[in-house]
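One file, work22.txt, is given below (compact mmCIF, C-alpha atoms).
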```
# COMPACT_ATOMS: atom_id res chain seq x y z
CA MET A 1 186.67 180.46 -27.17
CA PHE A 2 185.69 180.71 -23.52
CA TYR A 3 186.23 176.99 -22.95
CA ILE A 4 189.99 177.55 -23.26
CA VAL A 5 189.73 179.17 -19.83
CA LEU A 6 188.09 176.11 -18.36
CA LEU A 7 190.65 173.80 -19.89
CA SER A 8 193.62 175.84 -18.74
CA ILE A 9 192.36 175.92 -15.15
CA MET A 10 190.60 172.61 -14.69
CA MET A 11 191.93 169.87 -16.93
CA ALA A 12 195.12 168.71 -15.21
CA PRO A 13 195.10 164.88 -14.79
CA SER A 14 195.33 165.15 -11.00
CA VAL A 15 192.13 167.18 -10.96
CA ILE A 16 190.32 164.71 -13.19
CA ARG A 17 191.19 161.86 -10.87
CA ALA A 18 190.56 163.59 -7.57
CA PHE A 19 188.03 166.37 -8.03
CA THR A 20 184.39 165.81 -7.08
CA VAL A 21 181.69 168.29 -6.18
CA PRO A 22 179.44 167.35 -3.24
CA SER A 23 175.79 168.00 -4.07
CA HIS A 24 175.33 170.16 -0.97
CA VAL A 25 178.16 172.60 -1.85
CA GLU A 26 177.07 175.75 -3.63
CA SER A 27 179.18 176.80 -6.59
CA VAL A 28 180.90 180.17 -6.12
CA LYS A 29 182.11 181.65 -9.42
CA ASP A 30 184.54 184.19 -8.01
CA THR A 31 187.35 184.11 -10.60
CA ARG A 32 186.76 186.28 -13.67
CA VAL A 33 188.44 186.16 -17.04
CA GLU A 34 187.68 189.17 -19.21
CA VAL A 35 189.32 189.90 -22.58
CA GLY A 36 188.61 191.75 -25.78
CA HIS A 37 190.13 191.74 -29.24
CA ARG A 38 189.71 193.56 -32.57
CA SER A 39 190.38 191.90 -35.93
CA ARG A 40 190.47 193.32 -39.45
CA ALA A 41 190.28 191.69 -42.87
CA ARG A 42 191.10 193.47 -46.12
CA VAL A 43 188.72 193.11 -49.09
CA ALA A 44 190.60 193.84 -52.32
CA LEU A 45 189.10 196.47 -54.60
CA ASP A 46 187.01 195.04 -57.43
CA ARG A 47 188.01 197.01 -60.49
CA SER A 48 184.74 196.14 -62.24
CA PRO A 49 182.09 196.89 -59.58
CA LYS A 50 178.59 195.62 -60.16
CA ALA A 51 175.29 196.90 -58.85
CA ASN A 52 174.07 195.42 -55.55
CA VAL A 53 177.27 193.47 -54.88
CA THR A 54 178.94 195.96 -52.57
CA LEU A 55 180.33 194.95 -49.20
CA SER A 56 177.50 196.83 -47.46
CA GLN A 57 174.96 194.86 -49.46
CA TYR A 58 176.68 191.60 -48.52
CA MET A 59 176.92 192.38 -44.80
CA ARG A 60 173.18 193.14 -44.68
CA LEU A 61 172.13 189.81 -46.20
CA PRO A 62 169.73 187.65 -44.13
CA VAL A 63 171.59 186.30 -41.12
CA ASP A 64 170.46 182.73 -41.78
CA GLN A 65 173.06 182.63 -44.57
CA TYR A 66 175.84 182.59 -41.97
CA VAL A 67 175.64 178.80 -41.98
CA LEU A 68 177.54 178.92 -45.30
CA ILE A 69 180.61 180.63 -43.83
CA LYS A 70 183.56 178.32 -43.17
CA LEU A 71 184.27 178.33 -39.43
CA PRO A 72 187.60 177.86 -37.63
CA LEU A 73 188.48 174.45 -36.17
CA ASP A 74 185.89 172.75 -38.43
CA SER A 75 183.09 173.91 -36.13
CA GLU A 76 179.48 173.50 -37.28
CA LEU A 77 176.85 176.24 -37.28
CA THR A 78 173.15 175.35 -37.41
CA LYS A 79 170.18 177.72 -37.56
CA LEU A 80 167.49 177.11 -34.94
CA ASP A 81 163.77 177.75 -35.08
CA ALA A 82 162.44 180.73 -33.16
CA GLY A 83 160.48 178.42 -30.85
CA SER A 84 163.46 176.27 -29.89
CA GLY A 85 163.28 177.40 -26.24
CA VAL A 86 167.00 178.23 -26.07
CA ASP A 87 167.98 180.93 -23.56
CA VAL A 88 169.69 183.69 -25.56
CA PRO A 89 170.03 187.45 -25.06
CA GLU A 90 167.15 189.62 -26.21
CA MET A 91 167.56 191.37 -29.55
CA GLU A 92 166.57 194.93 -30.38
CA SER A 93 164.12 193.87 -33.09
CA ASP A 94 162.82 190.83 -34.95
CA ASN A 95 164.02 192.11 -38.34
CA ASN A 96 166.84 190.09 -39.90
CA THR A 97 167.68 188.16 -36.75
CA GLY A 98 168.40 184.51 -36.11
CA LEU A 99 169.20 181.91 -33.47
CA PHE A 100 172.12 179.55 -34.02
CA LYS A 101 173.83 176.55 -32.45
CA LEU A 102 177.61 176.38 -32.69
CA LEU A 103 179.05 172.89 -32.23
CA VAL A 104 182.78 172.82 -31.52
CA PRO A 105 184.72 169.60 -32.29
CA PRO A 106 185.48 167.45 -29.22
CA ILE A 107 188.57 168.26 -27.18
CA THR A 108 190.26 165.24 -25.58
CA PHE A 109 192.68 165.19 -22.64
CA THR A 110 193.76 161.67 -21.64
CA ASN A 111 190.43 160.00 -20.79
CA LEU A 112 188.37 163.20 -20.71
CA THR A 113 186.43 164.51 -23.71
CA LEU A 114 184.72 167.91 -23.84
CA GLN A 115 182.51 169.24 -26.61
CA PRO A 116 181.19 172.79 -26.11
CA VAL A 117 177.82 173.69 -27.63
CA VAL A 118 177.14 177.43 -27.79
CA PHE A 119 173.74 178.99 -28.49
CA ALA A 120 173.83 182.51 -29.90
CA ALA A 121 171.59 185.25 -31.26
CA VAL A 122 172.64 187.12 -34.41
CA GLU A 123 171.14 190.48 -35.29
CA CYS A 124 171.77 192.56 -38.39
CA ARG A 125 171.46 196.27 -37.64
CA LYS A 126 171.87 199.20 -40.02
CA ASN A 127 175.65 199.46 -39.80
CA GLU A 128 176.72 196.38 -37.85
CA VAL A 129 176.02 192.71 -37.22
CA VAL A 130 175.89 191.75 -33.54
CA ILE A 131 176.47 188.21 -32.27
CA HIS A 132 175.84 187.60 -28.58
CA SER A 133 175.39 184.67 -26.24
CA HIS A 134 175.35 183.64 -22.61
CA THR A 135 174.29 180.02 -23.08
CA CYS A 136 176.70 177.12 -23.39
CA VAL A 137 176.52 173.43 -22.57
CA LEU A 138 179.55 171.16 -22.22
CA GLN A 139 178.93 167.60 -23.30
CA GLY A 140 181.14 164.54 -23.64
CA SER A 141 182.58 162.41 -20.84
CA GLU A 142 180.68 161.23 -17.76
CA PHE A 143 183.06 163.43 -15.77
CA ILE A 144 181.03 166.48 -16.83
CA GLU A 145 177.87 165.23 -15.13
CA ARG A 146 179.66 163.76 -12.13
CA THR A 147 181.42 167.03 -11.29
CA ARG A 148 178.52 169.29 -12.36
CA LEU A 149 180.93 171.04 -14.71
CA ASN A 150 178.18 173.00 -16.47
CA GLU A 151 177.30 174.62 -13.15
CA ARG A 152 180.85 175.83 -12.52
CA PHE A 153 181.02 178.68 -15.01
CA ASP A 154 179.02 181.57 -16.42
CA PHE A 155 180.01 183.32 -19.60
CA LYS A 156 179.00 186.19 -21.80
CA VAL A 157 180.30 186.95 -25.27
CA GLU A 158 179.42 189.70 -27.74
CA THR A 159 180.91 190.27 -31.17
CA SER A 160 180.25 193.31 -33.33
CA LEU A 161 180.95 193.04 -37.07
CA THR A 162 181.34 196.35 -38.87
CA TRP A 163 182.72 197.28 -42.25
CA GLU A 164 184.32 200.03 -44.30
CA ASP A 165 182.92 200.01 -47.82
CA ASN A 166 185.17 202.00 -50.16
CA VAL A 167 184.56 202.63 -53.86
CA ASP A 168 188.06 203.75 -54.91
CA SER A 169 190.21 201.65 -52.56
CA ASP A 170 190.22 198.40 -50.61
CA SER A 171 187.39 197.77 -48.17
CA PHE A 172 187.64 196.25 -44.70
CA ILE A 173 185.65 194.03 -42.33
CA TYR A 174 186.18 194.52 -38.59
CA ALA A 175 185.30 192.28 -35.67
CA ASN A 176 185.28 193.41 -32.04
CA THR A 177 184.70 190.76 -29.40
CA ARG A 178 184.34 190.95 -25.62
CA ILE A 179 184.35 187.78 -23.53
CA GLU A 180 183.58 187.49 -19.82
CA VAL A 181 183.88 184.19 -17.95
CA ASP A 182 183.21 183.66 -14.23
CA VAL A 183 184.62 180.36 -12.98
CA ASP A 184 184.28 178.38 -9.76
CA VAL A 185 187.90 177.17 -9.55
CA PRO A 186 188.22 173.59 -8.23
CA ARG A 187 190.69 172.39 -5.66
CA PRO A 188 193.64 172.22 -5.52
CA PHE A 189 193.82 175.20 -7.91
CA ASN A 190 191.64 177.37 -5.69
CA ARG A 191 194.68 177.72 -3.43
CA ILE A 192 196.52 179.62 -6.15
CA PRO A 193 196.16 183.40 -5.82
CA LYS A 194 193.18 184.58 -7.82
CA LEU A 195 195.21 187.24 -9.62
CA ILE A 196 197.57 184.61 -11.04
CA LEU A 197 194.68 182.43 -12.23
CA GLN A 198 193.06 185.42 -13.90
CA ARG A 199 196.28 186.32 -15.69
CA ILE A 200 196.68 182.75 -16.95
CA GLY A 201 193.07 182.64 -18.12
CA ASN A 202 193.24 186.07 -19.77
CA ALA A 203 196.39 185.12 -21.67
CA ALA A 204 194.97 181.78 -22.85
CA VAL A 205 191.68 183.26 -24.03
CA LYS A 206 193.29 186.27 -25.71
CA ILE A 207 195.64 184.09 -27.77
CA SER A 208 192.80 181.77 -28.81
CA LEU A 209 190.45 184.66 -29.56
CA LYS A 210 193.05 186.37 -31.74
CA VAL A 211 193.54 183.25 -33.88
CA ILE A 212 189.91 182.13 -34.09
CA GLN A 213 188.39 185.56 -34.70
CA GLY A 214 191.07 186.49 -37.22
CA THR A 215 190.39 183.30 -39.19
CA PHE A 216 186.63 183.89 -39.15
CA VAL A 217 186.94 187.46 -40.46
CA GLU A 218 189.30 186.33 -43.23
CA ASN A 219 186.80 183.62 -44.19
CA LEU A 220 184.01 186.20 -44.21
CA ALA A 221 186.03 188.41 -46.58
CA SER A 222 186.72 185.43 -48.85
CA ASP A 223 183.04 184.54 -48.93
CA TYR A 224 182.18 188.11 -49.90
CA SER A 225 184.67 187.98 -52.77
CA LYS A 226 183.04 184.79 -54.02
CA TRP A 227 179.53 186.22 -53.59
CA SER A 228 180.41 189.42 -55.45
CA GLN A 229 181.98 187.64 -58.43
CA ASP A 230 179.90 184.46 -58.71
CA GLU A 231 176.28 185.06 -59.73
CA PRO A 232 175.19 181.39 -59.35
CA TYR A 233 176.51 181.50 -55.78
CA ARG A 234 174.51 184.67 -55.09
CA LEU A 235 171.37 183.04 -56.46
CA TYR A 236 172.00 179.92 -54.37
CA ARG A 237 172.35 181.96 -51.18
CA ALA A 238 169.20 183.91 -52.00
CA SER A 239 167.28 180.67 -52.54
CA LEU A 240 168.19 179.46 -49.05
CA SER A 241 166.59 182.53 -47.49
CA GLN A 242 163.47 182.12 -49.62
CA ARG A 243 163.00 178.56 -48.33
CA ALA A 244 163.32 179.62 -44.69
```
Taking this structure as input, can you express it in the form of structure tokens?
Amino acid sequence: MFYIVLLSIMMAPSVIRAFTVPSHVESVKDTRVEVGHRSRARVALDRSPKANVTLSQYMRLPVDQYVLIKLPLDSELTKLDAGSGVDVPEMESDNNTGLFKLLVPPITFTNLTLQPVVFAAVECRKNEVVIHSHTCVLQGSEFIERTRLNERFDFKVETSLTWEDNVDSDSFIYANTRIEVDVDVPRPFNRIPKLILQRIGNAAVKISLKVIQGTFVENLASDYSKWSQDEPYRLYRASLSQRA
């Protein structure tokens, strides 16, 4: 989601042709984009409830099963080993936690291709699931290395998944996300007033976040419906955690 900011600020063709970063110039990330959004997905009431297939039970499943959830934009989620050496935020405990790599499909602008790779920690707490990250690597075109693009931004994202588990009415899954991006804006765009750049970045990220997060929460609700009604699927998911 955060890479929308970078694209909206940096990917004009004139910048691609002209922009270079001298090795002796220190990057100054003085333009901040900061947005938040809340999404909700309805889970229809199951008129024939079964034991141990409640929404609360589902949301507290081992986090390594998140790789089965369909992600927006055909992104890929891979679970990493604990000793992978990836820099991720510290978690409150080691119980029901996991490290993941999110691979976003390549984004192409004329002759420039970007593919963000995000590394995140997922932690299942008593009444919420927390997803947080501050590590991303942009890969793709040679332009990324030549302009030291990965050194030109810092980001932090945290998503909290909570739920409302009702017995006599529909249940709900909620997602609250906060994204912070600090960008070193390249010339000639660094001549534009910072306030205008921040407004553009905030608008771009908020629109993207609303669509992407909303789709993810809807997919999560759909997966719960399948899990609650399909016993072979529940057994399959359980077997994946046993192998881990």
Using all atoms listed in the file: which of A:Cys136, A:Ile212, A:Ala203, A:Ile173 has the shortest distance to Leu73 (chain A) |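 Counting all atoms listed in the file, the residue closest to Leu73 (chain A) is A:Ile212.
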Could I get the residues of region 90-130 of chain A with an atom no further than 8 Å from an atom of region 152-168 of chain A, each paired with its nearest atom pair and that distance in Å to one decimal, using only C-alpha atoms, sorted by chain and residue number, as JSON lines?
```
{"residue": "A:Asn127", "atom": "CA", "partner": "A:Thr162", "partner_atom": "CA", "distance": 6.6}
{"residue": "A:Glu128", "atom": "CA", "partner": "A:Thr162", "partner_atom": "CA", "distance": 4.7}
{"residue": "A:Val129", "atom": "CA", "partner": "A:Leu161", "partner_atom": "CA", "distance": 4.9}
{"residue": "A:Val130", "atom": "CA", "partner": "A:Ser160", "partner_atom": "CA", "distance": 4.6}
```
Take CA of Asp170 (chain A) and CA of Ser241 (chain A) and report the distance between them in Å, one decimal.
-> 28.6 Å
May I have the residues within 10 Å of Glu151 (chain A) as a compact mmCIF listing (two decimals) with C-alpha atoms, in the coordinates of the input, using only C-alpha atoms and disregarding those fewer than 4 positions away in the same chain?
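Generated output (around_29.txt):
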```
# COMPACT_ATOMS: atom_id res chain seq x y z
CA GLU A 26 177.07 175.75 -3.63
CA SER A 27 179.18 176.80 -6.59
CA VAL A 28 180.90 180.17 -6.12
CA LYS A 29 182.11 181.65 -9.42
CA VAL A 137 176.52 173.43 -22.57
CA LEU A 138 179.55 171.16 -22.22
CA ILE A 144 181.03 166.48 -16.83
CA GLU A 145 177.87 165.23 -15.13
CA THR A 147 181.42 167.03 -11.29
CA VAL A 183 184.62 180.36 -12.98
CA ASP A 184 184.28 178.38 -9.76
```
What is the distance, in Å and to one decimal place, between CA of Arg234 (chain A) and CA of Asn219 (chain A)?
->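 Distance between the two atoms: 16.5 Å.
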For CA of Pro62 (chain A) and CA of Arg125 (chain A), quote the distance in Å rounded to one decimal.
->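 Straight-line distance from CA of Pro62 (chain A) to CA of Arg125 (chain A) works out to 10.9 Å.
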Given all atoms listed in the file as the counted atoms, nearest of A:Thr177, A:Ser133, A:Ser75, A:Gln139 to Leu112 (chain A) |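 Distance minimum relative to Leu112 (chain A) lands on A:Gln139.
In terms of minimum interatomic distance to Asn176 (chain A), A:Phe216 ranks closest within A:Trp227, A:Tyr66, A:Phe189, A:Phe216, counting all atoms listed in the file.
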